[in-house]
Structures are given as C-alpha cells and as structure tokens.
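In what follows, a structure is listed as structure tokens, so that the remarks can point back to it.
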Amino acid sequence: MSLDQLNLKIVFGGGLELLFSNQRSHNISIPSRVNSKLYNGETTTTEEQNIKSFSRRPGILVLINDTDWELEGEGDYVLNDGDEIVLISTLHGG
Amino acid sequence: MSLDQLNLKIVFGGGLELLFSNQRSHNISIPSRVNSKLYNGETTTTEEQNIKSFSRRPGILVLINDTDWELEGEGDYVLNDGDEIVLISTLHGG
Amino acid sequence: MSMSIPLPPLSLPEYRRYGRQMILEGFGLEGQVKLRNAAVVVVGVGGLGCPALQYLAAAGVGKLGVVDHDVVDLSNLQRQVLHTESRMNMAKALSAEIALREINSSITIKPYVTQLTSNNARKILYEYDIILDCTDNVPTRYLLSDTAVALGKPLVSGAAMKLDGQLCIYNLEPDGPCYRCLYPRPPVPTTVKTCEETGVLGVVTGTIGVLQAVECIKLILGLHGNKNSLLVFITEKLPNDLYLCLDKNSTLLIFSALSFPPFRNAKLRKKRPNCPGCGQDRLKTAKIEETDYVAFCGGPAFDYEGM
Amino acid sequence: MSMSIPLPPLSLPEYRRYGRQMILEGFGLEGQVKLRNAAVVVVGVGGLGCPALQYLAAAGVGKLGVVDHDVVDLSNLQRQVLHTESRMNMAKALSAEIALREINSSITIKPYVTQLTSNNARKILYEYDIILDCTDNVPTRYLLSDTAVALGKPLVSGAAMKLDGQLCIYNLEPDGPCYRCLYPRPPVPTTVKTCEETGVLGVVTGTIGVLQAVECIKLILGLHGNKNSLLVFITEKLPNDLYLCLDKNSTLLIFSALSFPPFRNAKLRKKRPNCPGCGQDRLKTAKIEETDYVAFCGGPAFDYEGM
Ligand SMILES: [Zn+2]
Ligand SMILES: [Zn+2]
C-alpha cells in the first residue's frame with residue numbers, strides 16, 4: 001500500500017453487477033489527495049465515474065462501510081484507505 | 001483508550017449468556033503487556049477466568065474476530081486492542 | 001396490542017399449542033396474548049407472502065389479512081409453498097386461507113381477492129396493526145408506503161430477485177424512513193425487471209419471507225424500540241440486545257445466496273423532513289386516492305403476478 | 001449428480017413448473033436435471049426439517065428421504081409447518097409425505113417411520129447424496145456425523161434453541177471438519193437442554209431450516225467448491241462469488257433473532273488429522289454399529305421429540 005494511493009473496494013449488488021461482467025466486488029486504487037472525496041471534481045477512474053453516474057440514478061443506494069451515504073455526507077464524505085463502497089439497486093420482486 | 005490497556009469485547013452466545021445476567025456483550029479493559037496472550041498465565045480479570053474455564057468445556061467454540069481460535073493458535077493468540085472474543089455454546093435443538 | 005387491557009386467560013389447547021414459545025424468557029402469557037390480539041395484513045401471497053403467512057399463523061397471530069388478486073399457476077409452486085397442485089387456478093388468497101386454516105383453525109383469516117389500488121388501500125389496511133409488503137412491483141410498493149404513513153403503521157418490506165433478497169422496515173416509530181425517503185423517484189421503467197423475466201430461487205424468497213415474519217413478531221412483542229413494551233420486557237429479563245434497539249438507525253438486510261458472508265446489514269438514514277411521503281408536506285389520504293401509481297412509476301407495463 | 005450422463009430433456013410441465021429458476025444465469029436445464037437426479041435425506045421432520053423439505057420438494061429435488069419416528073402433536077404446530085391439525089397423532093414422516101406430494105407429485109418421497117440408530121443409519125443414508133441434520137439431540141448429531149464421514153457425504157447441520165440458530169456444513173470436501181473435529185467430547189448431559197425445556201420461536205427454526213435448503217441446493221448445483229461442477233458454472237457466467245468458495249474455510253452461520261446484526265459468520269478450522277471421527281484412525285462402519293451414542297453422550301435422558 002503506497003501512501004499516495006487510496007485502496008478501495010467497490011461492490012455492486014441487486015442486479016448492478018450485471019453491468020460489470022457479473023463481477024460484484026472490485027478492488028481499485030485511486031490517487032490520494034488531501035481530503036479525497038467521493039466526488040472529487042475531476043474524474044480519475046472509470047470506477048469513480050460509475051459511482052457518480054449510478055448514485056444519481058433512482059432506485060440506487062450507496063453504502064459506505066455498510067452505512068447509507070446520506071448519513072456520511074454523501075459526496076462530501078472524505079475517503080479513507082480501505083473503505084468499502086457498495087452500490088446496490090433496490091429489488092422489487094418477491 | 002490508554003496505551004497500557006487493551007480494550008476487548010467479549011460476547012457470549014448459544015445459551016452461555018444466561019450465566020452473565022443474560023447479557024451477551026461485555027466491553028472490558030485488561031492491562032496490556034508485551035505480547036498479551038489470551039491465556040497469560042496469571043489471571044487478572046473475571047472475564048479472563050471465564051474464557052479460560054469455558055474454552056475447556058466440551059461443546060463450546062471460541063471465536064476471535066469471527067475466526068475459530070484454533071486457526072489463531074488458541075491460547076497462544078496475541079491479543080490486539082479492539083479484539084472481539086466470542087464464546088458460543090453449540091446448540092442441539094431443532 | 002394495548003397494554004392496559006387485562007389479560008384474558010388462554011384456553012388449555014392454546015397453552016399446549018403455544019407452550020414452546022410461551023416458555024421463552026420474556027414471552028410468557030403476555031407475549032402470546034399480544035400475538036392473539038395482533039392483526040397483520042400480508043399484501044401478495046407469492047414467494048414472500050407464503051412463508052411469512054405460514055409462520056405468523058403458526059405462532060398464533062390472531063387476525064391475518066391476505067391480499068392477492070391472482071390465481072395459482074403451476075409456475076408458482078417452485079417457491080409459493082402454501083399453494084398446491086390441486087388448488088391451481090384458485091385465487092391465491094383463498095388457497096392460502098385453506099392452507100392456513102389447516103395449520104391453525106383458531107385464528108381469523110380474512111382473504112381479499114382483489115388488487116390493492118389507491119382507492120381501496122386505506123379501506124383494506126386500516127384495520128391491521130402491521131403491514132407486510134410481499135408484492136412484486138414498484139407502483140404497489142409506493143402505494144403501500146404512502147398508505148402506511150397515512151395510517152401510521154409500520155411496513156415490513158421484503159423483496160427478492162434471482163439469488164438476492166432485501167428486507168427493511170419502513171415508517172418505524174419514532175423516526176424511521178419511508179420508502180420515498182430512500183427512493184424519492186421511481187426507477188426508470190426499462191430498468192425494472194420482474195421475477196418472471198429474471199427468475200428467482202425459491203429458497204431466496206423463502207429466506208426473506210421467514211425473516212419478514214421474524215421482524216413482524218418482534219414488532220408485535222415490542223422488541224423494536226417501543227418504550228412501553230420495552231419496559232415490560234426488561235422486567236422479564238430478555239437479553240440486553242433489546243437496549244440496542246432503542247436508538248438504532250433503521251437498517252436494510254441484504255441477502256445474497258452465493259456471497260460470503262451471505263448477509264449484510266446496512267444502516268439507513270432517518271426520515272427526511274422534506275420527504276413527499278412522510279415529511280411535513282406529506283401526501284394526505286385524499287392525495288393518495290388521486291394518485292395514479294402506475295403512471296407515477298412510468299407506465300402501464302406492470303405485472304402483478306404475485307411473485 | 002454425475003456429470004457424464006447425457007441430459008434427458010424435461011417434460012413440458014416441468015419446464016413450466018421450474019421456469020423461474022431455470023432462467024437464472026448458470027442454472028438452466030443442466031441445473032434442473034442436477035436437482036432431479038439428486039437424492040437428499042432429511043433426518044428429523046420438526047422445526048428445521050419442515051421448511052427444508054418444503055423448499056427442496058418445491059425446487060424439484062428428485063428423491064427425498066424423510067426420517068422421523070415421532071407422531072404429530074398439537075405443540076408441534078407452532079413451528080412444524082408441514083403438519084396440520086387433522087394429521088395430529090399421525091407419524092411425522094407420513095404427514096410430511098402427504099404435504100410434500102401436494103406441493104410436488106412428480107418427485108419420489110421415501111418416508112422412514114423409524115428412529116435413526118447406529119444399526120440402521122448406514123442402511124438408510126447410503127442411497128442419498130446429501131444428509132440434512134434436522135434433529136434435536138446430541139447422540140443423533142454424533143451418529144449422523146460419523147455415518148456421513150463413513151459414507152463420504154456432506155452433512156448440512158442446523159440447530160435452533162430459543163431465539164438462536166446455527167448452521168454448518170460438516171464433512172465438506174476437500175478438508176472441511178466433521179462434528180467431532182469441532183466437538184471432540186460431548187457436552188456434559190446436565191448442560192444439555194431440549195427445545196421442550198427451553199422453548200424455541202418458530203421463525204428461528206424456520207430461518208435455519210430454509211437456509212439448510214439454500215446450502216443443500218448450492219451443494220447439488222456444485223456451488224460449494226467441487227471443481228468439476230464449478231467449471232461448468234463459470235462457462236455459464238455465474239457471479240464471481242463462486243471463485244471465493246474454492247479455498248474458503250468452513251463456516252458456521254450464527255443467527256440470533258434479537259441481536260444486531262442478527263447474522264454472524266465464523267471461519268472454522270479444517271479437518272483435524274487426528275480426529276476420531278474423520279482423521280486417519282477414524283471409526284470404521286463396524287465401529288459405528290458397535291457404538292452406543294446415547295451412552296457416549298452421558299446417559300439415557302434423551303428426548304427425540306422431533307423439534
Ligand atoms: Zn419519507
Ligand atoms: Zn473430524
């Protein structure tokens with residue numbers, strides 16, 4: 001783990017994983033800056049772009065370390081090394 | 001959190017909690033020494049005594065951070081601050 | 001469910017039938033009477049509703065409403081365990097009624113062979129204490145949430161698809177979110193798939209349906225943060241996990257049959273003050289009745305084939 | 001469950017009945033044929049066995065063995081959802097047979113109205129691929145583990161008491177532990193309580209029983225680490241969670257209805273090389289038949305009132 005990289009785990013669920021070759025769990029590294037936020041203004045990775053795009057879709061929940069990101073300040077949340085970000089689509093079936 | 005204390009969480013389950021006023025979860029602090037082990041030779045707290053006594057009873061599993069303590073070296077495991085130790089009795093009913 | 005009514009004694013057969021749960025610490029006669037006095041309505045008698053109803057009836061919930069307009073089809077039997085081969089083409093609500101009476105003839109079962117709509121939702125749901133959302137489509141989920149808020153009742157909502165399941169209690173006192181707090185806008189219709197299109201494993205709906213019954217029974221017994229009931233249970237020495245419930249956020253249980261670990265709990269936001277469902281300016285009942293939930297969710301393509 | 005047999009086509013009604021699961025990615029005709037060719041025996045038709053059997057029958061497992069010597073009692077109906085008021089005093093194995101045939105008349109159901117003993121265990125269990133331990137007493141749990149090891153079959157073991165449940169697969173290839181690896185010595189008899197003494201909530205046995213069916217179906221479909229089956233599923237693009245199963249330790253699922261979070265997964269040790277159950281010097285079949293499991297567990301006080 002280098003100090004200028006943030007290692008994150010991105011998990012897709014509730015059907016979203018279908019858009020990622022059916023792979024639920026992705027480990028990524030992004031360049032760390034002072035106060036890296038979930039949206040840091042400039043898009044550096046495909047994954048970050050995905051989070052941005054999906055979090056604005058209706059019917060999608062974003063969880064940061066198993067907590068609704070609305071409790072964490074949404075886009076203002078400052079990322080920590082090792083954070084797990086889950087994007088999950090609400091299910092409607094029964 | 002002081003540096004010379006280890007904070008541990010002890011959880012009892014599967015019926016063992018009945019022996020502790022039906023309280024499943026206990027937060028305790030024990031004096032930290034270099035290489036504190038689960039069994040450190042001298043008994044310092046009631047909780048430590050309980051772990052010792054229960055772990056030797058048949059039908060009891062000891063989990064350290066959700067891992068069977070046999071995988072962690074049993075009594076040789078070196079305790080870390082924040083560890084969670086679960087003592088759970090196997091259930092037989094259905 | 002009121003605490004002030006003196007407890008009527010149970011009959012001897014009731015003591016025998018419910019003995020295994022009545023001897024649980026903190027349950028006792030009082031817990032059984034709470035179940036007997038409780039009225040629960042289950043909307044949708046498909047993959048989720050069947051196991052939920054089965055366990056609520058077995059436990060002795062006194063009155064069960066059963067809402068479904070659909071009939072039993074051969075393709076349902078893979079997961080809808082209350083229905084049988086000989087009851088194919090019978091209304092699901094009536095098929096369920098027969099099955100539940102065989103398990104427990106001492107409770108009241110009220111079938112509604114009708115589709116829940118914005119016009120009948122309040123009339124059907126008002127006489128129940130707890131609502132179980134066991135449906136399979138987006139418009140009904142919004143309708144159930146709005147009506148649960150209007151009636152001030154908790155909504156135990158389950159959902160399943162393929163190998164995944166989700167479980168959440170909406171509108172839980174004092175500040176739990178409603179469905180609209182989480183999902184202010186409905187999903188784009190083209191992204192919504194039904195279980196008929198994508199498939200679902202029966203054990204997945206079974207797991208979530210039984211867990212809906214778990215949560216419903218906890219609500220009836222007062223193990224979800226109701227202070228009055230909580231005090232009762234403390235005196236009877238239930239495990240201290242109870243205390244944790246008091247100021248807990250609402251949670252979403254996520255089950256994925258093949259993942260490790262298969263269960264995940266997420267902490268959810270509290271009510272949104274400006275939520276159109278449960279905030280200050282919330283929909284009045286009249287508004288609910290004026291709402292076309294199908295159109296709100298983007299069109300008529302909605303298939304209520306009871307899961 | 002062999003991979004080399006050419007797949008016979010399903011009948012049209014079977015396609016209709018199982019369509020919702022057959023369209024799942026990686027399931028298909030091959031998955032359904034695996035279920036149809038599988039033989040599963042459920043020992044104990046009580047609180048755990050009932051929901052497990054229900055979902056295995058609904059999913060189309062081709063042959064189900066149902067072992068229980070007990071009869072249906074009123075006190076069972078609070079959680080044993082296959083039995084009915086009209087079938088009280090009937091043998092549970094026969095009551096279950098009736099209920100399962102109503103759900104799915106196209107599968108083979110083989111009831112055994114007998115207590116599993118060290119003398120008949122091998123004879124009864126050898127013709128099945130997977131064994132479900134849905135019993136309620138310590139001696140039968142040791143007997144089932146030793147017999148599963150002798151026959152080389154996985155044992156999906158559930159247990160429940162009060163508000164707690166546990167689920168574990170023993171003797172899972174290649175190096176999963178057996179029951180004796182975890183519990184070399186039986187508990188002191190005075191510390192063993194039955195569900196009759198301590199009580200149990202029906203939804204807790206229901207949750208664990210359904211999850212036993214989940215694990216059983218995963219085993220049949222080859223989602224638990226069998227390399228040959230795994231390859232098949234990779235080509236059919238099942239989620240990558242599968243890969244995680246390959247070198248995973250055995251796990252114990254712990255469910256506590258009132259705890260938060262209610263589910264906990266613990267990683268377990270591998271087989272013990274010197275385990276008297278599954279190690280080098282393990283019990284031979286002859287030894288199992290000579291063993292008095294009741295005495296081994298400390299005495300005759302054992303009540304097989306099928307949970
Ligand atoms: Zn709201
Ligand atoms: Zn062993």
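Residue numbering restarts at 1 in every chain; chains get A, B, ... in the order shown in the structure tokens, and ligands count up from 1 in that same order.
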Who sits within 8 Å of stretch 19-23 of chain C, only C-alpha atoms, same chain under 5 positions skipped, as number ranges by chain = C: 14, 28-29, 31-32; D: 75, 78, 162, 195-196, 198-202
Cut-off 6 Å, only C-alpha atoms and all ligand atoms, neighbours of ligand 1 as a JSON list (two decimals) with C-alpha atoms, in the first residue's frame:
```json
[["chain", "number", "residue", "atom", "x", "y", "z"],
["C", 177, "PRO", "CA", -37.62, 6.44, 6.91],
["C", 178, "CYS", "CA", -40.41, 5.60, 4.49],
["C", 180, "ARG", "CA", -39.88, 7.53, -0.52],
["C", 181, "CYS", "CA", -37.18, 8.77, 1.88],
["C", 271, "LYS", "CA", -36.88, 10.21, 7.95],
["C", 272, "ARG", "CA", -36.25, 13.07, 5.52],
["C", 275, "CYS", "CA", -39.95, 13.72, 2.12],
["C", 277, "GLY", "CA", -44.11, 10.55, 1.56],
["C", 278, "CYS", "CA", -43.64, 11.19, 5.29],
["C", 279, "GLY", "CA", -42.34, 14.77, 5.70]]
```
Near chain C, which residues of chain B fall within 10 Å when you count only C-alpha atoms, and what do they look like as a ChimeraX atom specification?
-> /B:17-18,21-25
Counting only C-alpha atoms and all ligand atoms, what residues are within 12 Å of ligand 2, given as a count of residues only?
-> 36
Just the strand (DSSP E) stuff from stretch 16-114 of chain C, please, per backbone DSSP, written as a PyMOL selection string.
-> chain C and resi 39-43+63-67+108-112
Write out as a compact mmCIF listing (two decimals) with C-alpha atoms, in the first residue's frame which residues come within 8 Å of A:Leu91 when counting only C-alpha atoms, dropping same-chain ones fewer than 5 positions away.
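File written: out-v4.txt
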```txt
# COMPACT_ATOMS: atom_id res chain seq x y z
CA GLY A 14 -29.11 -6.02 -6.62
CA ALA C 159 -38.02 -8.14 -1.94
CA ALA C 160 -36.20 -10.84 -3.85
CA MET C 161 -34.83 -11.42 -7.29
CA GLY C 165 -33.00 -10.59 -1.26
CA GLN C 166 -33.61 -7.38 0.73
```
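Every protein or nucleic acid residue with an atom no more than 6 Å from B:Glu84, counting only C-alpha atoms and leaving out same-chain residues fewer than 4 positions away, appears here: B:Leu8, B:Lys9, B:Ile10, B:Ile64, B:Asn65.
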For stretch 295-299 of chain C, please output as a ChimeraX atom specification all residues within 6 Å (counting only C-alpha atoms; exclusion window: fewer than 6 positions along the same chain).
-> /C:139,186,189
Mind checking DSSP for stretch 52-117 of chain D and telling me the helix (DSSP H, G or I) residues as number ranges by chain?
-> D: 52-59, 74-76, 85-87, 92-103
May I have the selected residues written with N, CA and C atoms, as a CSV table (one decimal), in the first residue's frame?
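Contents of out.csv, as written:
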```csv
chain,number,residue,atom,x,y,z
D,52,ALA,N,-37.2,-27.0,5.4
D,52,ALA,CA,-36.1,-27.5,4.5
D,52,ALA,C,-36.8,-28.4,3.4
D,53,LEU,N,-37.6,-29.4,3.9
D,53,LEU,CA,-38.2,-30.3,3.0
D,53,LEU,C,-39.2,-29.6,2.0
D,54,GLN,N,-39.9,-28.6,2.5
D,54,GLN,CA,-40.8,-27.9,1.7
D,54,GLN,C,-40.1,-27.2,0.5
D,55,TYR,N,-39.0,-26.6,0.7
D,55,TYR,CA,-38.3,-25.9,-0.4
D,55,TYR,C,-37.5,-26.9,-1.3
D,56,LEU,N,-37.0,-28.0,-0.7
D,56,LEU,CA,-36.4,-29.0,-1.6
D,56,LEU,C,-37.4,-29.6,-2.5
D,57,ALA,N,-38.6,-29.9,-2.0
D,57,ALA,CA,-39.6,-30.5,-2.8
D,57,ALA,C,-40.0,-29.5,-3.9
D,58,ALA,N,-40.3,-28.3,-3.5
D,58,ALA,CA,-40.7,-27.3,-4.5
D,58,ALA,C,-39.7,-27.1,-5.6
D,59,ALA,N,-38.4,-27.1,-5.2
D,59,ALA,CA,-37.4,-26.9,-6.2
D,59,ALA,C,-37.2,-28.0,-7.2
D,74,LEU,N,-50.0,-31.5,19.1
D,74,LEU,CA,-50.5,-30.1,19.0
D,74,LEU,C,-49.4,-29.1,19.2
D,75,SER,N,-48.5,-29.4,20.1
D,75,SER,CA,-47.4,-28.5,20.5
D,75,SER,C,-46.4,-28.3,19.4
D,76,ASN,N,-46.4,-29.2,18.3
D,76,ASN,CA,-45.5,-29.1,17.2
D,76,ASN,C,-46.0,-28.0,16.2
D,85,GLU,N,-53.6,-29.7,11.8
D,85,GLU,CA,-54.4,-30.2,12.9
D,85,GLU,C,-55.0,-31.5,12.6
D,86,SER,N,-55.4,-31.7,11.3
D,86,SER,CA,-56.1,-33.0,11.0
D,86,SER,C,-55.2,-34.2,11.0
D,87,ARG,N,-53.9,-33.9,11.0
D,87,ARG,CA,-52.9,-35.0,11.0
D,87,ARG,C,-52.3,-35.2,12.3
D,92,LYS,N,-44.9,-38.4,11.8
D,92,LYS,CA,-44.5,-37.1,11.2
D,92,LYS,C,-44.0,-37.4,9.8
D,93,ALA,N,-43.3,-38.5,9.6
D,93,ALA,CA,-42.7,-38.8,8.3
D,93,ALA,C,-43.8,-39.0,7.3
D,94,LEU,N,-45.0,-39.6,7.7
D,94,LEU,CA,-46.1,-39.8,6.8
D,94,LEU,C,-46.9,-38.5,6.6
D,95,SER,N,-47.0,-37.7,7.6
D,95,SER,CA,-47.7,-36.4,7.5
D,95,SER,C,-46.9,-35.5,6.5
D,96,ALA,N,-45.6,-35.6,6.6
D,96,ALA,CA,-44.7,-34.8,5.7
D,96,ALA,C,-44.9,-35.3,4.3
D,97,GLU,N,-44.9,-36.6,4.1
D,97,GLU,CA,-45.1,-37.2,2.8
D,97,GLU,C,-46.3,-36.6,2.1
D,98,ILE,N,-47.5,-36.6,2.8
D,98,ILE,CA,-48.7,-36.1,2.3
D,98,ILE,C,-48.5,-34.6,1.8
D,99,ALA,N,-48.0,-33.8,2.7
D,99,ALA,CA,-47.8,-32.4,2.4
D,99,ALA,C,-46.9,-32.2,1.2
D,100,LEU,N,-45.8,-32.9,1.1
D,100,LEU,CA,-44.9,-32.7,0.0
D,100,LEU,C,-45.5,-33.2,-1.3
D,101,ARG,N,-46.3,-34.3,-1.3
D,101,ARG,CA,-46.9,-34.7,-2.5
D,101,ARG,C,-47.9,-33.7,-3.0
D,102,GLU,N,-48.5,-32.9,-2.1
D,102,GLU,CA,-49.5,-31.9,-2.6
D,102,GLU,C,-48.7,-30.8,-3.3
D,103,ILE,N,-47.5,-30.5,-2.8
D,103,ILE,CA,-46.7,-29.5,-3.5
D,103,ILE,C,-46.1,-30.0,-4.8
```
